[in-house]
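Data file: my_file03.cif. Format and content: mmCIF, C-alpha atoms, pLDDT in the B column; chains and numbers go by the auth columns.
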```cif
data_data
#
loop_
_atom_site.group_PDB
_atom_site.id
_atom_site.type_symbol
_atom_site.label_atom_id
_atom_site.label_comp_id
_atom_site.label_asym_id
_atom_site.label_seq_id
_atom_site.Cartn_x
_atom_site.Cartn_y
_atom_site.Cartn_z
_atom_site.B_iso_or_equiv
_atom_site.auth_seq_id
_atom_site.auth_asym_id
ATOM 1 C CA GLN A 1 2.305 -19.751 -4.222 87.00 1 C
ATOM 2 C CA VAL A 2 1.394 -16.118 -3.737 91.00 2 C
ATOM 3 C CA GLN A 3 4.276 -13.696 -3.613 96.00 3 C
ATOM 4 C CA LEU A 4 4.060 -9.941 -3.104 98.00 4 C
ATOM 5 C CA VAL A 5 7.224 -7.875 -3.434 97.00 5 C
ATOM 6 C CA GLU A 6 7.194 -4.241 -2.355 97.00 6 C
ATOM 7 C CA SER A 7 9.686 -1.585 -3.346 97.00 7 C
ATOM 8 C CA GLY A 8 10.079 2.176 -3.352 98.00 8 C
ATOM 9 C CA GLY A 9 10.433 2.941 0.329 97.00 9 C
ATOM 10 C CA GLY A 10 13.156 5.149 1.716 97.00 10 C
ATOM 11 C CA LEU A 11 14.010 8.331 3.537 98.00 11 C
ATOM 12 C CA VAL A 12 12.268 11.526 2.474 98.00 12 C
ATOM 13 C CA GLN A 13 11.938 14.990 3.947 98.00 13 C
ATOM 14 C CA PRO A 14 8.596 16.324 5.160 98.00 14 C
ATOM 15 C CA GLY A 15 6.555 17.556 2.220 98.00 15 C
ATOM 16 C CA GLY A 16 8.253 15.151 -0.138 98.00 16 C
ATOM 17 C CA SER A 17 6.864 12.306 -2.221 98.00 17 C
ATOM 18 C CA LEU A 18 7.444 8.608 -2.707 98.00 18 C
ATOM 19 C CA ARG A 19 5.862 5.979 -4.919 98.00 19 C
ATOM 20 C CA LEU A 20 5.609 2.464 -3.615 98.00 20 C
ATOM 21 C CA SER A 21 5.201 -0.518 -5.930 98.00 21 C
ATOM 22 C CA CYS A 22 4.054 -4.047 -5.230 98.00 22 C
ATOM 23 C CA VAL A 23 4.478 -6.771 -7.816 98.00 23 C
ATOM 24 C CA ALA A 24 2.323 -9.849 -7.354 98.00 24 C
ATOM 25 C CA SER A 25 2.891 -13.369 -8.620 97.00 25 C
ATOM 26 C CA GLY A 26 1.098 -16.663 -8.145 96.00 26 C
ATOM 27 C CA ILE A 27 -2.365 -15.096 -8.341 94.00 27 C
ATOM 28 C CA THR A 28 -4.841 -13.965 -10.969 95.00 28 C
ATOM 29 C CA PHE A 29 -4.095 -10.363 -10.115 97.00 29 C
ATOM 30 C CA SER A 30 -7.167 -8.789 -11.669 97.00 30 C
ATOM 31 C CA THR A 31 -9.467 -10.787 -9.382 96.00 31 C
ATOM 32 C CA TYR A 32 -7.854 -9.553 -6.168 97.00 32 C
ATOM 33 C CA THR A 33 -8.567 -6.488 -4.089 98.00 33 C
ATOM 34 C CA MET A 34 -5.186 -4.896 -3.458 98.00 34 C
ATOM 35 C CA GLY A 35 -4.261 -2.787 -0.506 98.00 35 C
ATOM 36 C CA TRP A 36 -1.511 -0.927 1.264 98.00 36 C
ATOM 37 C CA TYR A 37 -1.318 -1.040 5.031 98.00 37 C
ATOM 38 C CA ARG A 38 1.197 0.478 7.397 98.00 38 C
ATOM 39 C CA GLN A 39 2.486 -0.298 10.838 97.00 39 C
ATOM 40 C CA VAL A 40 4.761 1.303 13.390 96.00 40 C
ATOM 41 C CA PRO A 41 6.289 -0.748 16.212 90.00 41 C
ATOM 42 C CA GLY A 42 3.855 -1.195 19.075 93.00 42 C
ATOM 43 C CA SER A 43 0.828 -0.139 17.040 95.00 43 C
ATOM 44 C CA ARG A 44 -1.848 -1.904 15.066 95.00 44 C
ATOM 45 C CA ARG A 45 -1.484 -2.286 11.327 95.00 45 C
ATOM 46 C CA GLU A 46 -3.725 0.320 9.704 96.00 46 C
ATOM 47 C CA GLN A 47 -5.201 0.646 6.261 97.00 47 C
ATOM 48 C CA ALA A 48 -3.558 3.226 4.049 97.00 48 C
ATOM 49 C CA ALA A 49 -5.409 2.577 0.810 98.00 49 C
ATOM 50 C CA VAL A 50 -7.325 -0.177 -0.934 98.00 50 C
ATOM 51 C CA ILE A 51 -8.329 -0.597 -4.569 98.00 51 C
ATOM 52 C CA SER A 52 -11.013 -3.009 -5.637 97.00 52 C
ATOM 53 C CA THR A 53 -11.059 -5.191 -8.721 97.00 53 C
ATOM 54 C CA ASP A 54 -13.141 -2.565 -10.526 96.00 54 C
ATOM 55 C CA GLY A 55 -10.899 0.314 -9.495 96.00 55 C
ATOM 56 C CA LYS A 56 -12.810 1.755 -6.552 98.00 56 C
ATOM 57 C CA GLN A 57 -10.426 3.369 -4.069 98.00 57 C
ATOM 58 C CA TYR A 58 -10.669 3.642 -0.313 97.00 58 C
ATOM 59 C CA TYR A 59 -8.313 5.593 1.935 97.00 59 C
ATOM 60 C CA GLY A 60 -7.518 5.930 5.569 95.00 60 C
ATOM 61 C CA GLU A 61 -8.716 9.259 6.925 96.00 61 C
ATOM 62 C CA SER A 62 -5.263 10.804 7.324 95.00 62 C
ATOM 63 C CA MET A 63 -4.246 9.739 3.813 96.00 63 C
ATOM 64 C CA LYS A 64 -7.126 11.295 1.893 96.00 64 C
ATOM 65 C CA GLY A 65 -5.969 13.962 -0.538 96.00 65 C
ATOM 66 C CA ARG A 66 -2.309 12.997 -0.187 98.00 66 C
ATOM 67 C CA PHE A 67 -2.112 9.323 -1.197 98.00 67 C
ATOM 68 C CA THR A 68 -3.288 7.753 -4.446 98.00 68 C
ATOM 69 C CA ILE A 69 -3.561 4.026 -5.034 98.00 69 C
ATOM 70 C CA SER A 70 -3.606 2.609 -8.541 98.00 70 C
ATOM 71 C CA ARG A 71 -3.206 -0.730 -10.223 98.00 71 C
ATOM 72 C CA ASP A 72 -1.889 -2.040 -13.526 98.00 72 C
ATOM 73 C CA ASN A 73 -3.404 -5.440 -14.138 98.00 73 C
ATOM 74 C CA ALA A 74 -1.181 -6.017 -17.166 98.00 74 C
ATOM 75 C CA LYS A 75 1.884 -5.707 -14.930 98.00 75 C
ATOM 76 C CA ASN A 76 0.408 -7.398 -11.836 98.00 76 C
ATOM 77 C CA THR A 77 1.389 -4.288 -9.940 98.00 77 C
ATOM 78 C CA VAL A 78 -0.248 -1.977 -7.436 98.00 78 C
ATOM 79 C CA TYR A 79 1.152 1.453 -6.661 98.00 79 C
ATOM 80 C CA LEU A 80 0.855 3.914 -3.828 98.00 80 C
ATOM 81 C CA GLN A 81 1.749 7.493 -4.690 98.00 81 C
ATOM 82 C CA MET A 82 2.373 9.400 -1.484 98.00 82 C
ATOM 83 C CA ASN A 83 2.602 13.183 -1.581 98.00 83 C
ATOM 84 C CA ASP A 84 3.045 15.835 1.095 98.00 84 C
ATOM 85 C CA LEU A 85 4.545 13.259 3.415 98.00 85 C
ATOM 86 C CA LYS A 86 4.571 13.962 7.134 98.00 86 C
ATOM 87 C CA PRO A 87 6.726 12.524 9.930 97.00 87 C
ATOM 88 C CA GLU A 88 3.669 10.628 11.179 96.00 88 C
ATOM 89 C CA ASP A 89 3.621 8.715 7.878 98.00 89 C
ATOM 90 C CA THR A 90 6.807 6.979 8.983 98.00 90 C
ATOM 91 C CA ALA A 91 6.049 3.248 9.091 98.00 91 C
ATOM 92 C CA VAL A 92 6.610 -0.053 7.395 98.00 92 C
ATOM 93 C CA TYR A 93 4.228 -0.261 4.456 98.00 93 C
ATOM 94 C CA TYR A 94 2.825 -3.647 3.508 98.00 94 C
ATOM 95 C CA CYS A 95 1.096 -4.789 0.345 98.00 95 C
ATOM 96 C CA ASN A 96 -1.943 -7.047 0.654 98.00 96 C
ATOM 97 C CA ALA A 97 -3.888 -9.147 -1.835 97.00 97 C
ATOM 98 C CA ALA A 98 -7.311 -10.361 -0.746 96.00 98 C
ATOM 99 C CA THR A 99 -10.522 -11.838 -2.051 92.00 99 C
ATOM 100 C CA VAL A 100 -13.968 -12.446 -0.613 88.00 100 C
ATOM 101 C CA ALA A 101 -12.998 -16.090 -0.125 88.00 101 C
ATOM 102 C CA ASP A 102 -9.747 -15.098 1.593 87.00 102 C
ATOM 103 C CA PRO A 103 -10.331 -11.721 3.218 84.00 103 C
ATOM 104 C CA PHE A 104 -7.123 -11.790 5.246 84.00 104 C
ATOM 105 C CA GLY A 105 -5.185 -12.527 2.090 91.00 105 C
ATOM 106 C CA ALA A 106 -1.468 -12.559 1.447 95.00 106 C
ATOM 107 C CA TRP A 107 1.120 -10.050 2.617 97.00 107 C
ATOM 108 C CA GLY A 108 4.395 -8.781 1.332 97.00 108 C
ATOM 109 C CA GLN A 109 7.510 -8.395 3.441 97.00 109 C
ATOM 110 C CA GLY A 110 7.073 -4.642 3.830 97.00 110 C
ATOM 111 C CA THR A 111 9.066 -1.589 2.847 98.00 111 C
ATOM 112 C CA GLN A 112 10.231 1.072 5.265 98.00 112 C
ATOM 113 C CA VAL A 113 9.170 4.681 4.741 98.00 113 C
ATOM 114 C CA THR A 114 10.873 7.278 6.923 98.00 114 C
ATOM 115 C CA VAL A 115 9.853 10.932 6.819 98.00 115 C
ATOM 116 C CA SER A 116 12.421 13.085 8.565 96.00 116 C
ATOM 117 C CA MET A 117 14.573 16.162 8.139 93.00 117 C
#
```
The structure in this file should be written as structure tokens.
Amino acid sequence: QVQLVESGGGLVQPGGSLRLSCVASGITFSTYTMGWYRQVPGSRREQAAVISTDGKQYYGESMKGRFTISRDNAKNTVYLQMNDLKPEDTAVYYCNAATVADPFGAWGQGTQVTVSM
């Protein structure tokens, strides 16, 4: 059974940084495209960053230059380094593991990120 466990969220001031982690189990991690998505109440879930099995990275437009996604296949973990955080980055951040055969994939429970003075 696939399990994704996120951590690292919290309250940070504007301009600050956070690093989110997502540990996966129940999958062959290296064969999965991993992603971070975020959602605020009443809005659609949007892509923050995705990293492919061969390390290619894709970012949402507002995240480019501020967020960095990385993966450690030996630790079954994907990270999201978030710098220069803005109040509009406030959201629940979800980890996703997907493949071509299962493009919707599996989701973690989410971790809250709040950017506020």
Can you list, as a PyMOL selection string, the residues that the PyMOL selection byres ((chain C and resi 5) around 8) selects here? chain C and resi 3-4+6-7+22-24+95+108-110
Create the file for the chosen residues now, containing C-alpha atoms and written as a PDB file, in the coordinates of the input.
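Final file, out.pdb:
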```pdb
ATOM      1  CA  GLN C   3       4.276 -13.696  -3.613  1.00 96.00           C
ATOM      2  CA  LEU C   4       4.060  -9.941  -3.104  1.00 98.00           C
ATOM      3  CA  GLU C   6       7.194  -4.241  -2.355  1.00 97.00           C
ATOM      4  CA  SER C   7       9.686  -1.585  -3.346  1.00 97.00           C
ATOM      5  CA  CYS C  22       4.054  -4.047  -5.230  1.00 98.00           C
ATOM      6  CA  VAL C  23       4.478  -6.771  -7.816  1.00 98.00           C
ATOM      7  CA  ALA C  24       2.323  -9.849  -7.354  1.00 98.00           C
ATOM      8  CA  CYS C  95       1.096  -4.789   0.345  1.00 98.00           C
ATOM      9  CA  GLY C 108       4.395  -8.781   1.332  1.00 97.00           C
ATOM     10  CA  GLN C 109       7.510  -8.395   3.441  1.00 97.00           C
ATOM     11  CA  GLY C 110       7.073  -4.642   3.830  1.00 97.00           C
TER      12      GLY C 110
END
```
Cut-off 8 Å: closest range 69-117 of chain C/range 49-56 of chain C atom pairs per residue, using all atoms listed in the file, as a tab-separated table:
```
residue	atom	partner	partner_atom	distance
C:Ile69	CA	C:Ala49	CA	6.3
C:Ser70	CA	C:Ile51	CA	7.0
C:Arg71	CA	C:Ile51	CA	7.6
C:Leu80	CA	C:Ala49	CA	7.9
```
May I have the residues from that selection written out with C-alpha atoms, as a compact mmCIF listing (two decimals), keeping the file's coordinate frame?
```txt
# COMPACT_ATOMS: atom_id res chain seq x y z
CA ILE C 69 -3.56 4.03 -5.03
CA SER C 70 -3.61 2.61 -8.54
CA ARG C 71 -3.21 -0.73 -10.22
CA LEU C 80 0.86 3.91 -3.83
```
Can you pull out the residues contacting Arg38 in chain C? Cut-off 12 Å, using all atoms listed in the file, and skip same-chain residues under 3 positions away; I want them as number ranges by chain. C: 9, 35, 41, 43-50, 60, 63, 80, 88-96, 107-114
Do you have the CA of Ser30 in chain C-CA of Pro103 in chain C distance handy?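 Computing the Euclidean distance for CA of Ser30 in chain C and CA of Pro103 in chain C yields 15.5 Å.
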Which residue, C:Asn83, C:Asn76, C:Lys64, C:Gln39, has the smallest gap to Pro14 in chain C when you use all atoms listed in the file?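 Answer, going by the shortest atom-to-atom distance: C:Asn83.
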Separation of CA of Ala98 in chain C from CA of Lys75 in chain C, in Å and rounded to one decimal: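 Answer for the CA of Ala98 in chain C to CA of Lys75 in chain C separation: 17.5 Å.
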